[in-house]
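S.K.: Here you go, one structure.
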Amino acid sequence: MKALCWQGKHDIRCETVPDPRIEHGRDAIVKVTTCAICGSDLHLYNNFIPGMTPGDIIGHEFMGEVVEVGQDNKKLKVGDRVVVPFTITCGECEQCQRGNFSVCERSNRKGNLAAKAFGHTTAGLFGYTHLTGGYPGGQAEYVRVPFADSAPVKIPNGLSDEQVLFLGDIFPTGWQAAVQCDIQPSDTVAIWGCGPVGQFAIRSAVLLGAKQVVAIDRVPERLAMAEAGGAVTINFEEESVIERLNELTQGKGPEKCIDCVGLESHVSMKHPDSVLDRAKQAVMLESDRPHVLREMIYVCRPAGVISIPGVYGGLVDKIPFGASMNKGLTWRMGQTHVNRWTDDLLRRIQEGQIDPAFVITHTVRLEEGPAYYNIFRDKQDSCIKVVLKP
Amino acid sequence: MAREHRESHRDRSADALARGLGWFSIGLGLAEVLAPRSLTRALGLNGQERLVQAYGVREIATGVAILAARNPAPWIWGRVGGDALDLATLAGGFHEDNPRKTNLGIALGAVAAVSALDVYCGTALSAASEPQRPIRDYSRRTGFPRDPQAMRGSATDFVVPPDMRTPDALRPYA
């Protein structure tokens with residue numbers, strides 16, 4: 001089969017690799033009909049997350065048709081149409097029982113590596129380094145889905161792939177980011193980053209009743225899409241984020257702040273700390289660039305909430321933790337507990353409350369995927385979200 | 001697609017060379033900053049330790065910039081400028097009473113060779129043209145069936161789970 005394989009920094013190739021096979025009774029093999037490039041794939045593309053080896057199949061946003069089922073899988077049958085969450089979950093461990101699916105205790109088959117890095121293992125993920133199990137990813141024609149009787153979401157007839165694909169990652173990610181804020185009707189919610197996750201966080205905050213949603217970015221097309229979703233926008237290359245947020249909140253700051261940027265914060269001479277982060281990153285004195293974290297801590301209203309769906313991988317430097325502590329900020333963060341939200345979000349899609357396909361800007365063949373990693377990263381051709389068709 | 005692949009391959013080679021030059025800059029710079037007297041003694045340039053250290057700071061800064069920048073081309077050209085300074089300084093050491101003229105000649109040759117590499121690298125990196133950025137209009141992509149103002153609060157039927165909610169004791173008073 002054809003699959004997109006990571007071969008090194010800035011090196012993704014479409015290659016012919018062996019088809020996956022059933023390895024465990026709970027597995028299923030899914031024939032991928034649609035998949036996507038995620039913003040967090042770019043951290044792998046730029047080689048900021050350790051643990052990829054050349055030849056690894058990349059990708060964790062995918063859906064398709066079940067073509068083979070393991071003998072112990074009683075939930076799925078051949079022909080089922082499913083969206084597969086990026087998190088692999090057993091459904092049985094204590095964390096899964098609590099709904100903390102992204103920290104499943106059993107699904108990371110290389111949990112010892114994760115435990116060395118993080119203190120404890122977290123869930124296995126598709127196509128996202130050997131720290132998360134080294135599972136082949138979903139930018140491929142076929143995927144083996146472990147524990148397939150737990151996470152995959154069956155899709156009813158009448159919905160297109162484009163409407164439901166993002167139930168596997170970015171829609172529940174934006175949703176959880178907003179839910180973690182515990183939004184009140186009087187809240188201003190400020191969202192850094194208007195990429196795909198940010199776009200869903202904006203719309204989630206609107207649906208959950210925020211009084212005002214403010215979106216921060218520098219790319220005009222992304223700001224336009226954010227405004228279409230109901231946000232007031234700030235272009236941080238044209239005005240001061242802190243001044244404008246204070247202006248919009250009578251000097252008190254937003255109650256809730258969401259970081260949809262993560263470890264690759266934009267580097268700009270206007271933000272000297274970001275330049276220093278990039279210099280330290282280049283000589284391996286720091287792994288992540290936390291400019292957004294610093295800005296959120298500074299501007300967030302005291303007793304407010306900081307919500308972090310943005311991916312961080314390693315070590316950050318110079319975090320004003322004293323400011324955060326003294327302001328009494330609550331931090332909620334983590335990879336998404338996708339299956340906590342999928343039933344509700346699928347219902348909302350079916351009822352027409354939201355059509356997630358709005359975020360797709362480019363649809364190309366799987367073989368064109370390598371070129372589109374570059375286009376997506378550099379935001380060329382007004383690219384916001386790339387969908388791939390195997 | 002084939003042309004894109006060839007250009008991509010060339011970009012990767014030039015990028016790898018730039019990274020190598022970046023690390024080289026940092027290494028050379030550290031040597032100049034930390035051991036200036038050893039260098040000036042070896043080249044017969046006694047008394048120019050401060051100048052050598054200043055060049056070292058320049059090398060370190062340039063090296064970090066090369067490694068950090070998405071587009072290292074301007075910084076590689078900066079190295080070329082620095083190379084010219086180095087060559088001029090070394091050339092100035094060729095006088096009758098310098099007992100280290102042989103070492104000076106070797107150093108001059110080495111700097112000239114690295115300069116040639118810098119020029120090659122800068123040329124290769126600069127050859128890639130700036131991509132066009134047409135701006136598309138996404139101002140109608142709400143994702144909602146109605147205006148966002150009309151959709152505000154449509155999901156207030158959703159109950160925030162207890163582990164993501166402000167504890168009752170900390171909620172604002174009604």
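Following the order of the structure tokens, chains are lettered A, B, ..., residues in each are numbered from 1, and ligands are numbered from 1.
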Env of Val30 (chain A): 8 Å cut, atoms = only C-alpha atoms, seq-sep filter 6 positions within chain, self excluded. Answer as number ranges by chain.
M.R.: A: 63-68, 142-145
S.K.: Just write the chosen residues, C-alpha atoms, as a PDB file, in the first residue's frame.
M.R.:
ATOM      1  CA  MET A  63     -11.494   7.666   8.702  1.00  0.00           C
ATOM      2  CA  GLY A  64     -12.689   4.937   6.419  1.00  0.00           C
ATOM      3  CA  GLU A  65     -14.350   1.567   6.012  1.00  0.00           C
ATOM      4  CA  VAL A  66     -13.697  -1.469   8.170  1.00  0.00           C
ATOM      5  CA  VAL A  67     -12.370  -4.253   5.913  1.00  0.00           C
ATOM      6  CA  GLU A  68     -11.218  -6.804   8.461  1.00  0.00           C
ATOM      7  CA  TYR A 142      -4.920   1.039   5.213  1.00  0.00           C
ATOM      8  CA  VAL A 143      -4.404   1.218   8.973  1.00  0.00           C
ATOM      9  CA  ARG A 144      -4.385  -1.376  11.727  1.00  0.00           C
ATOM     10  CA  VAL A 145      -6.505  -0.028  14.573  1.00  0.00           C
TER      11      VAL A 145
END
S.K.: Where in region 70-198 of chain A does DSSP assign strand (DSSP E), given as a list in words?
M.R.: Arg81, Val82, Val83, Val84, Thr87, Ile88, Gly124, Leu125, Tyr142, Val143, Arg144, Val145, Val153, Lys154, Thr188, Val189, Ala190, Ile191 and Trp192 of chain A
S.K.: Mind the document's chain letters and residue numbers, and return as a list in words the residues of region 101-195 of chain A that DSSP labels alpha helix (DSSP H).
M.R.: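 Put together, the selection reads Gly111, Asn112, Leu113, Ala114, Ala115, Lys116, Ala117, Phe118, Asp161, Glu162, Gln163, Val164, Ile170, Phe171, Pro172, Thr173, Gly174, Trp175, Gln176, Ala177, Ala178 and Val179 of chain A.
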S.K.: For the residues in that selection, give me N, CA and C atoms as an mmCIF file, in the first residue's frame.
M.R.:
data_model
loop_
_atom_site.group_PDB
_atom_site.id
_atom_site.type_symbol
_atom_site.label_atom_id
_atom_site.label_comp_id
_atom_site.auth_asym_id
_atom_site.auth_seq_id
_atom_site.Cartn_x
_atom_site.Cartn_y
_atom_site.Cartn_z
ATOM 1 N N GLY A 111 5.206 2.019 26.593
ATOM 2 C CA GLY A 111 4.954 2.889 27.728
ATOM 3 C C GLY A 111 6.170 3.148 28.585
ATOM 4 N N ASN A 112 7.144 2.230 28.553
ATOM 5 C CA ASN A 112 8.345 2.436 29.361
ATOM 6 C C ASN A 112 9.119 3.664 28.883
ATOM 7 N N LEU A 113 9.095 3.906 27.551
ATOM 8 C CA LEU A 113 9.773 5.094 27.015
ATOM 9 C C LEU A 113 9.072 6.361 27.483
ATOM 10 N N ALA A 114 7.741 6.333 27.378
ATOM 11 C CA ALA A 114 6.977 7.508 27.808
ATOM 12 C C ALA A 114 7.168 7.751 29.295
ATOM 13 N N ALA A 115 7.195 6.667 30.069
ATOM 14 C CA ALA A 115 7.352 6.809 31.509
ATOM 15 C C ALA A 115 8.703 7.426 31.861
ATOM 16 N N LYS A 116 9.725 7.069 31.097
ATOM 17 C CA LYS A 116 11.048 7.677 31.346
ATOM 18 C C LYS A 116 11.013 9.164 31.045
ATOM 19 N N ALA A 117 10.298 9.541 29.997
ATOM 20 C CA ALA A 117 10.267 10.960 29.590
ATOM 21 C C ALA A 117 9.302 11.780 30.443
ATOM 22 N N PHE A 118 8.131 11.180 30.741
ATOM 23 C CA PHE A 118 7.053 11.963 31.361
ATOM 24 C C PHE A 118 6.762 11.586 32.806
ATOM 25 N N ASP A 161 -17.655 12.418 4.389
ATOM 26 C CA ASP A 161 -16.376 12.303 5.117
ATOM 27 C C ASP A 161 -15.944 13.661 5.661
ATOM 28 N N GLU A 162 -16.097 14.699 4.824
ATOM 29 C CA GLU A 162 -15.613 16.023 5.213
ATOM 30 C C GLU A 162 -16.357 16.561 6.436
ATOM 31 N N GLN A 163 -17.610 16.126 6.610
ATOM 32 C CA GLN A 163 -18.376 16.620 7.759
ATOM 33 C C GLN A 163 -17.946 15.952 9.061
ATOM 34 N N VAL A 164 -17.443 14.730 8.995
ATOM 35 C CA VAL A 164 -17.199 13.978 10.232
ATOM 36 C C VAL A 164 -15.738 13.655 10.508
ATOM 37 N N ILE A 170 -9.404 17.363 15.630
ATOM 38 C CA ILE A 170 -9.391 18.808 15.850
ATOM 39 C C ILE A 170 -10.721 19.393 16.356
ATOM 40 N N PHE A 171 -11.841 18.773 16.017
ATOM 41 C CA PHE A 171 -13.100 19.310 16.539
ATOM 42 C C PHE A 171 -13.185 19.026 18.046
ATOM 43 N N PRO A 172 -13.064 17.790 18.514
ATOM 44 C CA PRO A 172 -13.060 17.584 19.963
ATOM 45 C C PRO A 172 -11.908 18.281 20.665
ATOM 46 N N THR A 173 -10.798 18.505 19.983
ATOM 47 C CA THR A 173 -9.691 19.224 20.620
ATOM 48 C C THR A 173 -10.083 20.668 20.893
ATOM 49 N N GLY A 174 -10.649 21.341 19.888
ATOM 50 C CA GLY A 174 -11.122 22.709 20.096
ATOM 51 C C GLY A 174 -12.252 22.741 21.119
ATOM 52 N N TRP A 175 -13.107 21.741 21.072
ATOM 53 C CA TRP A 175 -14.240 21.660 22.002
ATOM 54 C C TRP A 175 -13.736 21.497 23.437
ATOM 55 N N GLN A 176 -12.842 20.542 23.651
ATOM 56 C CA GLN A 176 -12.319 20.330 25.006
ATOM 57 C C GLN A 176 -11.595 21.572 25.511
ATOM 58 N N ALA A 177 -10.884 22.251 24.603
ATOM 59 C CA ALA A 177 -10.182 23.478 24.989
ATOM 60 C C ALA A 177 -11.156 24.499 25.565
ATOM 61 N N ALA A 178 -12.322 24.590 24.945
ATOM 62 C CA ALA A 178 -13.336 25.536 25.420
ATOM 63 C C ALA A 178 -14.029 25.005 26.678
ATOM 64 N N VAL A 179 -14.339 23.724 26.688
ATOM 65 C CA VAL A 179 -15.007 23.121 27.856
ATOM 66 C C VAL A 179 -14.148 23.278 29.106
#
S.K.: What residues in chain B lie within 7 Å of chain A, counting only C-alpha atoms, written as a PDB file with N, CA and C atoms, in the first residue's frame?
M.R.:
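After the write, result.pdb holds the following:
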ATOM      1  N   VAL B  64      24.563  31.104  15.563  1.00  0.00           N
ATOM      2  CA  VAL B  64      23.253  30.892  16.191  1.00  0.00           C
ATOM      3  C   VAL B  64      22.142  31.353  15.253  1.00  0.00           C
ATOM      4  N   ALA B  65      22.361  32.492  14.616  1.00  0.00           N
ATOM      5  CA  ALA B  65      21.333  33.012  13.696  1.00  0.00           C
ATOM      6  C   ALA B  65      21.111  32.059  12.522  1.00  0.00           C
ATOM      7  N   LEU B  67      21.497  28.832  12.516  1.00  0.00           N
ATOM      8  CA  LEU B  67      20.775  27.642  12.981  1.00  0.00           C
ATOM      9  C   LEU B  67      19.326  27.955  13.318  1.00  0.00           C
ATOM     10  N   ALA B  68      19.074  29.186  13.754  1.00  0.00           N
ATOM     11  CA  ALA B  68      17.741  29.537  14.227  1.00  0.00           C
ATOM     12  C   ALA B  68      16.811  29.998  13.113  1.00  0.00           C
ATOM     13  N   ARG B 133       1.860  34.449  -2.455  1.00  0.00           N
ATOM     14  CA  ARG B 133       0.838  34.232  -1.447  1.00  0.00           C
ATOM     15  C   ARG B 133      -0.460  34.915  -1.849  1.00  0.00           C
ATOM     16  N   PRO B 134      -1.234  34.271  -2.723  1.00  0.00           N
ATOM     17  CA  PRO B 134      -2.543  34.864  -2.978  1.00  0.00           C
ATOM     18  C   PRO B 134      -3.385  34.701  -1.717  1.00  0.00           C
ATOM     19  N   ILE B 135      -4.169  35.707  -1.420  1.00  0.00           N
ATOM     20  CA  ILE B 135      -4.993  35.635  -0.217  1.00  0.00           C
ATOM     21  C   ILE B 135      -6.419  35.309  -0.640  1.00  0.00           C
ATOM     22  N   ARG B 136      -6.928  34.183  -0.124  1.00  0.00           N
ATOM     23  CA  ARG B 136      -8.300  33.785  -0.452  1.00  0.00           C
ATOM     24  C   ARG B 136      -9.248  34.351   0.597  1.00  0.00           C
ATOM     25  N   ASP B 137     -10.485  34.464   0.183  1.00  0.00           N
ATOM     26  CA  ASP B 137     -11.499  35.054   1.063  1.00  0.00           C
ATOM     27  C   ASP B 137     -12.215  33.945   1.830  1.00  0.00           C
ATOM     28  N   TYR B 138     -11.978  33.887   3.131  1.00  0.00           N
ATOM     29  CA  TYR B 138     -12.656  32.894   3.956  1.00  0.00           C
ATOM     30  C   TYR B 138     -13.683  33.560   4.878  1.00  0.00           C
ATOM     31  N   SER B 139     -14.100  34.756   4.531  1.00  0.00           N
ATOM     32  CA  SER B 139     -14.938  35.532   5.447  1.00  0.00           C
ATOM     33  C   SER B 139     -16.353  34.974   5.568  1.00  0.00           C
ATOM     34  N   ARG B 140     -16.718  34.019   4.683  1.00  0.00           N
ATOM     35  CA  ARG B 140     -18.072  33.452   4.800  1.00  0.00           C
ATOM     36  C   ARG B 140     -18.051  32.049   5.407  1.00  0.00           C
ATOM     37  N   ARG B 141     -16.897  31.602   5.803  1.00  0.00           N
ATOM     38  CA  ARG B 141     -16.792  30.214   6.299  1.00  0.00           C
ATOM     39  C   ARG B 141     -17.095  30.172   7.799  1.00  0.00           C
ATOM     40  N   THR B 142     -18.357  30.301   8.126  1.00  0.00           N
ATOM     41  CA  THR B 142     -18.702  30.311   9.547  1.00  0.00           C
ATOM     42  C   THR B 142     -18.695  28.908  10.125  1.00  0.00           C
ATOM     43  N   GLY B 143     -19.164  27.940   9.349  1.00  0.00           N
ATOM     44  CA  GLY B 143     -19.402  26.598   9.880  1.00  0.00           C
ATOM     45  C   GLY B 143     -20.761  26.505  10.547  1.00  0.00           C
ATOM     46  N   PHE B 144     -21.429  27.628  10.700  1.00  0.00           N
ATOM     47  CA  PHE B 144     -22.731  27.660  11.362  1.00  0.00           C
ATOM     48  C   PHE B 144     -23.850  27.805  10.321  1.00  0.00           C
ATOM     49  N   PRO B 145     -25.057  27.360  10.672  1.00  0.00           N
ATOM     50  CA  PRO B 145     -26.196  27.549   9.747  1.00  0.00           C
ATOM     51  C   PRO B 145     -26.722  28.979   9.758  1.00  0.00           C
ATOM     52  N   PRO B 148     -23.080  33.925  13.578  1.00  0.00           N
ATOM     53  CA  PRO B 148     -22.523  33.491  14.874  1.00  0.00           C
ATOM     54  C   PRO B 148     -23.244  34.099  16.079  1.00  0.00           C
ATOM     55  N   GLN B 149     -23.681  35.343  15.965  1.00  0.00           N
ATOM     56  CA  GLN B 149     -24.408  35.955  17.088  1.00  0.00           C
ATOM     57  C   GLN B 149     -25.661  35.162  17.423  1.00  0.00           C
ATOM     58  N   MET B 151     -26.004  32.033  16.934  1.00  0.00           N
ATOM     59  CA  MET B 151     -25.621  30.695  17.405  1.00  0.00           C
ATOM     60  C   MET B 151     -25.042  30.730  18.819  1.00  0.00           C
ATOM     61  N   ARG B 152     -24.790  31.924  19.324  1.00  0.00           N
ATOM     62  CA  ARG B 152     -24.156  32.033  20.650  1.00  0.00           C
ATOM     63  C   ARG B 152     -25.020  31.355  21.698  1.00  0.00           C
ATOM     64  N   GLY B 153     -24.427  30.463  22.454  1.00  0.00           N
ATOM     65  CA  GLY B 153     -25.151  29.782  23.523  1.00  0.00           C
ATOM     66  C   GLY B 153     -25.984  28.609  23.073  1.00  0.00           C
ATOM     67  N   SER B 154     -25.882  28.193  21.812  1.00  0.00           N
ATOM     68  CA  SER B 154     -26.703  27.076  21.328  1.00  0.00           C
ATOM     69  C   SER B 154     -26.357  25.769  22.011  1.00  0.00           C
ATOM     70  N   ALA B 155     -25.187  25.707  22.640  1.00  0.00           N
ATOM     71  CA  ALA B 155     -24.776  24.456  23.291  1.00  0.00           C
ATOM     72  C   ALA B 155     -24.830  24.565  24.800  1.00  0.00           C
ATOM     73  N   THR B 156     -25.652  25.439  25.330  1.00  0.00           N
ATOM     74  CA  THR B 156     -25.721  25.546  26.789  1.00  0.00           C
ATOM     75  C   THR B 156     -26.460  24.348  27.387  1.00  0.00           C
ATOM     76  N   VAL B 160     -20.842  20.810  31.652  1.00  0.00           N
ATOM     77  CA  VAL B 160     -19.392  20.700  31.836  1.00  0.00           C
ATOM     78  C   VAL B 160     -19.120  19.637  32.899  1.00  0.00           C
ATOM     79  N   MET B 164     -13.707  19.419  35.010  1.00  0.00           N
ATOM     80  CA  MET B 164     -13.293  20.565  34.204  1.00  0.00           C
ATOM     81  C   MET B 164     -14.033  21.820  34.623  1.00  0.00           C
ATOM     82  N   ARG B 165     -14.638  21.777  35.789  1.00  0.00           N
ATOM     83  CA  ARG B 165     -15.469  22.876  36.245  1.00  0.00           C
ATOM     84  C   ARG B 165     -14.790  23.559  37.422  1.00  0.00           C
ATOM     85  N   THR B 166     -14.998  24.871  37.548  1.00  0.00           N
ATOM     86  CA  THR B 166     -14.538  25.559  38.748  1.00  0.00           C
ATOM     87  C   THR B 166     -15.239  24.954  39.958  1.00  0.00           C
TER      88      THR B 166
END
S.K.: Using only C-alpha atoms, which of B:Phe158, B:Asn103, B:Ala18, B:Arg171 sits nearest Pro74 (chain B)?
M.R.: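 The answer is B:Ala18, which sits nearest to Pro74 (chain B).
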S.K.: Kindly indicate which residue among B:Gln53, B:Thr123, B:Asn46, B:Thr62 lies nearest to Arg100 (chain B), using only C-alpha atoms for the distances.
M.R.: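 Of B:Gln53, B:Thr123, B:Asn46, B:Thr62, the one nearest Arg100 (chain B) is B:Asn46, counting only C-alpha atoms.
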